[in-house]
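J.: Sharing a structure below in structure tokens format, with a few things to ask.
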Amino acid sequence: MDFELSEEQKSLQILARKFAMEEMLPEVAELEKRPDGEDKFAYDLVKRGAALGFHSLGVPAAHGGDGASVLTQCVVVEELSVGSPSVSKVYSHNWKAIAGLIAVATPEQLARVVPAYLEDPLYCIGIAITEPNAGSDNALPFDADPAAGPALSAVREGDHYVLNGMKQFIAMGAQAKYVTAFARTDRSVPWTKGTTGFMIFPPHEGFEAGRLHEKVGLRCYPQHDLIFRDVRVPVEDRLGEEDRFQEGRRSVTNVGTVEATATSLGIARRAHDLALGYARERVQGGKPIIEHDLIGALLLEMFTRLEAARTLLWRTAWSIDEGVHDQKLARATKVLAVETLNYLAAKAVEVWGGMGVMKDAPVEKVYRDAIQLYHMGNTNQVNVLKALPHL
Ligand SMILES: Cc1cc2nc3c(=O)[nH]c(=O)nc-3n(C[C@H](O)[C@H](O)[C@H](O)COP(=O)(O)OP(=O)(O)OC[C@H]3O[C@@H](n4cnc5c(N)ncnc54)[C@H](O)[C@@H]3O)c2cc1C
């Protein structure tokens with residue numbers, strides 16, 4: 001296997017690295033300081049990144065995008081996430097959402113979203129699955145109880161469906177110009193047999209983004225409640241057949257998992273770089289702390305784990321590009337990357353000593369960002385349980 005990136009991949013890597021370090025990193029550090037309740041979305045940065053090509057990069061060429069391979073997407077997302085996982089996630093979440101839509105939408109439905117997305121650098125897409133009482137149950141169906149899973153209801157009335165209920169923690173819920181929402185069309189059966197996808201184009205009567213959930217990390221990547229009050233959706237905005245949401249979802253699982261893995265890797269690299277830089281500068285005991293064996297060994301351990309996670313991610317991405325959809329590989333890679341990330345983030349704080357927890361130093365942010373990834377691209381427990389049957 002050839003681990004050398006192509007010239008095009010290397011150019012994109014350099015472009016993303018420059019944008020990440022020179023623009024994303026300093027600007028997001030300031031935006032994040034805005035108080036809770038205030039909009040912290042990096043509109044201007046997102047637009048400038050779009051002008052460099054990151055908005056369209058992961059959209060398939062057949063649909064008008066740049067059609068970057070999954071491996072190329074991973075290389076770029078890692079670089080961008082070193083600068084700001086909040087902003088990087090805006091692009092990669094949108095690519096994932098479009099991949100999901102392509103799996104289930106008709107050409108007419110796609111024509112209402114993808115061209116508009118490509119024309120508008122601030123076009124964001126919401127994927128609305130999670131609800132207050134339905135988190136992991138949406139990924140690990142608990143079929144013994146039809147009450148488990150999504151409760152947002154969709155009732156057919158003539159040529160419309162009427163949606164009532166709410167979603168929770170929906171990324172970019174207030175920014176989204178299009179939302180894919182999953183609702184129960186049959187409450188008498190387990191949710192996997194009675195859930196349907198619907199297209200919502202805000203502003204839409206009865207639909208609104210509710211509370212902004214303030215987080216300790218990824219503060220410029222917002223999550224909102226979405227409220228549905230008698231939201232009338234025409235039948236032509238139903239995605240796929242009624243009650244069949246689960247079928248289209250399966251085909252894109254690996255792409256979504258890999259996207260969160262690449263984000264984890266970028267934050268992990270930031271932790272590694274900060275620890276290494278500080279250990280070379282900080283003098284105690286008459287020499288830079290990297291020359292103390294215990295700190296040196298710790299830095300080598302961080303390097304080893306980072307390289308191992310990247311190598312596995314590239315292998316997974318490469319296999320998806322080759323048409324192999326190996327769920328256990330993609331999910332195992334996400335688990336490894338998140339554990340690697342949280343190990344590196346904690347150790348970076350340790351290497352920085354007391355400065356590691358000070359708000360005016362950069363490391364504590366890495367630690368706060370790192371824990372977010374436990375809950376994105378599925379939890380570790382969900383990924384393990386979904387990988388196990390494929391062993
Ligand atoms: C930054 C961020 C962005 C998000 N973006 C979106 C979004 O855009 N759209 C969206 O729909 N959702 C989104 N979410 C929600 C996310 O998908 C859920 O938080 C996640 O699926 C976990 O659900 P939960 O929070 O309800 O945890 P729970 O399901 O309550 O799980 C709690 C713990 O129990 C474990 N657990 C649960 N069930 C089992 C089981 N059967 N076996 C073993 N262990 C189990 C879990 O692994 C976890 O450790 C986002 C969350 C975050 C933090």
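In the structure tokens, chains take letters A, B, ... by order of appearance, with residues numbered from 1 within each chain and ligands from 1 in the order shown.
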Which residues of chain A have any atom within 6 Å of an atom in ligand 1 when counting only C-alpha atoms and all ligand atoms, and what is the closest pair of atoms for each, with the distance in Å to one decimal? Order the rows by chain and rising number and write it as a Markdown table.
T.:
```
| residue | atom | partner | partner_atom_place_in_ligand_line | distance |
| --- | --- | --- | --- | --- |
| A:Ile127 | CA | ligand 1 | 9 (N) | 4.9 |
| A:Ala128 | CA | ligand 1 | 11 (O) | 4.3 |
| A:Ile129 | CA | ligand 1 | 11 (O) | 3.5 |
| A:Thr130 | CA | ligand 1 | 11 (O) | 3.7 |
| A:Ala134 | CA | ligand 1 | 26 (O) | 5.8 |
| A:Gly135 | CA | ligand 1 | 26 (O) | 3.2 |
| A:Ser136 | CA | ligand 1 | 29 (O) | 3.6 |
| A:Phe169 | CA | ligand 1 | 14 (N) | 4.9 |
| A:Ile170 | CA | ligand 1 | 7 (C) | 4.0 |
| A:Ala171 | CA | ligand 1 | 8 (O) | 3.8 |
| A:Gln372 | CA | ligand 1 | 53 (C) | 5.4 |
| A:His375 | CA | ligand 1 | 53 (C) | 4.9 |
| A:Met376 | CA | ligand 1 | 52 (C) | 5.5 |
| A:Asn378 | CA | ligand 1 | 21 (O) | 5.4 |
| A:Thr379 | CA | ligand 1 | 47 (O) | 4.7 |
| A:Asn380 | CA | ligand 1 | 47 (O) | 6.0 |
| A:Gln381 | CA | ligand 1 | 47 (O) | 4.3 |
| A:Val382 | CA | ligand 1 | 47 (O) | 5.4 |
```
J.: Would you save the residues from that selection as a PDB file, in the first residue's frame, using C-alpha atoms?
T.:
```
ATOM      1  CA  ILE A 127     -30.017  16.168  10.428  1.00  0.00           C
ATOM      2  CA  ALA A 128     -32.767  15.830  13.029  1.00  0.00           C
ATOM      3  CA  ILE A 129     -32.819  12.430  14.725  1.00  0.00           C
ATOM      4  CA  THR A 130     -32.106  12.832  18.475  1.00  0.00           C
ATOM      5  CA  ALA A 134     -34.416   8.946  22.057  1.00  0.00           C
ATOM      6  CA  GLY A 135     -30.613   9.085  21.792  1.00  0.00           C
ATOM      7  CA  SER A 136     -28.776   5.774  21.476  1.00  0.00           C
ATOM      8  CA  PHE A 169     -29.134  18.712  20.091  1.00  0.00           C
ATOM      9  CA  ILE A 170     -29.521  19.295  16.340  1.00  0.00           C
ATOM     10  CA  ALA A 171     -26.325  20.719  14.874  1.00  0.00           C
ATOM     11  CA  GLN A 372     -17.526  16.364  22.574  1.00  0.00           C
ATOM     12  CA  HIS A 375     -21.087  11.796  21.522  1.00  0.00           C
ATOM     13  CA  MET A 376     -20.646  12.534  17.809  1.00  0.00           C
ATOM     14  CA  ASN A 378     -22.224   7.623  17.683  1.00  0.00           C
ATOM     15  CA  THR A 379     -20.991   6.852  21.187  1.00  0.00           C
ATOM     16  CA  ASN A 380     -18.218   4.322  21.796  1.00  0.00           C
ATOM     17  CA  GLN A 381     -20.715   1.867  23.252  1.00  0.00           C
ATOM     18  CA  VAL A 382     -22.980   2.138  20.205  1.00  0.00           C
TER      19      VAL A 382
END
```
J.: Find the residues of segment 275-299 of chain A that sit at most 10 Å from segment 347-360 of chain A; for each, write down the nearest two atoms and how far apart they are in Å, to one decimal. Count only C-alpha atoms. Sort by chain, then by number going up, and give it as a Markdown table.
T.:
```
| residue | atom | partner | partner_atom | distance |
| --- | --- | --- | --- | --- |
| A:Ala275 | CA | A:Ala348 | CA | 4.9 |
| A:Leu276 | CA | A:Ala348 | CA | 8.5 |
| A:Gly277 | CA | A:Trp352 | CA | 9.9 |
| A:Tyr278 | CA | A:Trp352 | CA | 6.7 |
| A:Ala279 | CA | A:Val351 | CA | 6.9 |
| A:Arg282 | CA | A:Trp352 | CA | 8.6 |
| A:Ile289 | CA | A:Val351 | CA | 8.6 |
| A:Ile290 | CA | A:Val351 | CA | 9.3 |
| A:Ile295 | CA | A:Val351 | CA | 7.2 |
| A:Leu298 | CA | A:Lys347 | CA | 7.9 |
| A:Leu299 | CA | A:Lys347 | CA | 8.7 |
```
J.: Residues at most 8 Å from segment 322-332 of chain A, counting only C-alpha atoms, excluding those fewer than 3 positions away in the same chain, as a ChimeraX atom specification?
T.: /A:253-254,257-258,313,316,318-319,335-336,383-384,386-388,390-391
J.: Pick from A:Gly173, A:Pro362, A:Gly377, A:Pro132: nearest to Ala271 of chain A, with only C-alpha atoms counted?
T.: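 With only C-alpha atoms as the atom set, the closest residue is A:Pro362.
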J.: Could you tell me how far atom CA of Ala370 of chain A sits from atom CA of Ala345 of chain A, in Å to one decimal place?
T.: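 Atom-to-atom, atom CA of Ala345 of chain A and atom CA of Ala370 of chain A are spaced 6.7 Å apart.
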J.: Which residues come within 8 Å of Ala176 of chain A, counting only C-alpha atoms, excluding same-chain residues fewer than 2 positions away, as a PyMOL selection string?
T.: chain A and resi 123-126+172-174+178-179+202
J.: Can you pull out the residues contacting Ile14 of chain A? Cut-off 12 Å, using only C-alpha atoms, and skip same-chain residues under 6 positions away; I want them as a PyMOL selection string.
T.: chain A and resi 5+7-8+20-22+52+75-76+78-80
J.: Output the selection as a PDB file, in the first residue's frame - C-alpha atoms for each residue.
T.:
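Produced file result_25.pdb, reproduced below:
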```pdb
ATOM      1  CA  LEU A   5      -0.535  11.487  -0.802  1.00  0.00           C
ATOM      2  CA  GLU A   7       0.046  16.124  -5.441  1.00  0.00           C
ATOM      3  CA  GLU A   8      -3.577  17.313  -5.324  1.00  0.00           C
ATOM      4  CA  ALA A  20      -6.596  26.635   9.869  1.00  0.00           C
ATOM      5  CA  MET A  21      -3.552  28.086  11.584  1.00  0.00           C
ATOM      6  CA  GLU A  22      -3.635  31.652  10.253  1.00  0.00           C
ATOM      7  CA  LEU A  52     -11.238  28.225  -0.766  1.00  0.00           C
ATOM      8  CA  VAL A  75      -6.821  14.703   5.147  1.00  0.00           C
ATOM      9  CA  VAL A  76      -8.573  18.089   4.860  1.00  0.00           C
ATOM     10  CA  GLU A  78      -7.787  16.686  10.045  1.00  0.00           C
ATOM     11  CA  GLU A  79      -6.009  19.897   8.998  1.00  0.00           C
ATOM     12  CA  LEU A  80      -9.052  22.118   9.497  1.00  0.00           C
TER      13      LEU A  80
END
```
J.: Rank nothing, just name the residue among A:Gln175, A:Ile320, A:Glu157, A:Glu301 nearest to Tyr221 of chain A, using only C-alpha atoms.
T.: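 Going through A:Gln175, A:Ile320, A:Glu157, A:Glu301 one by one, the smallest distance to Tyr221 of chain A is for A:Gln175.
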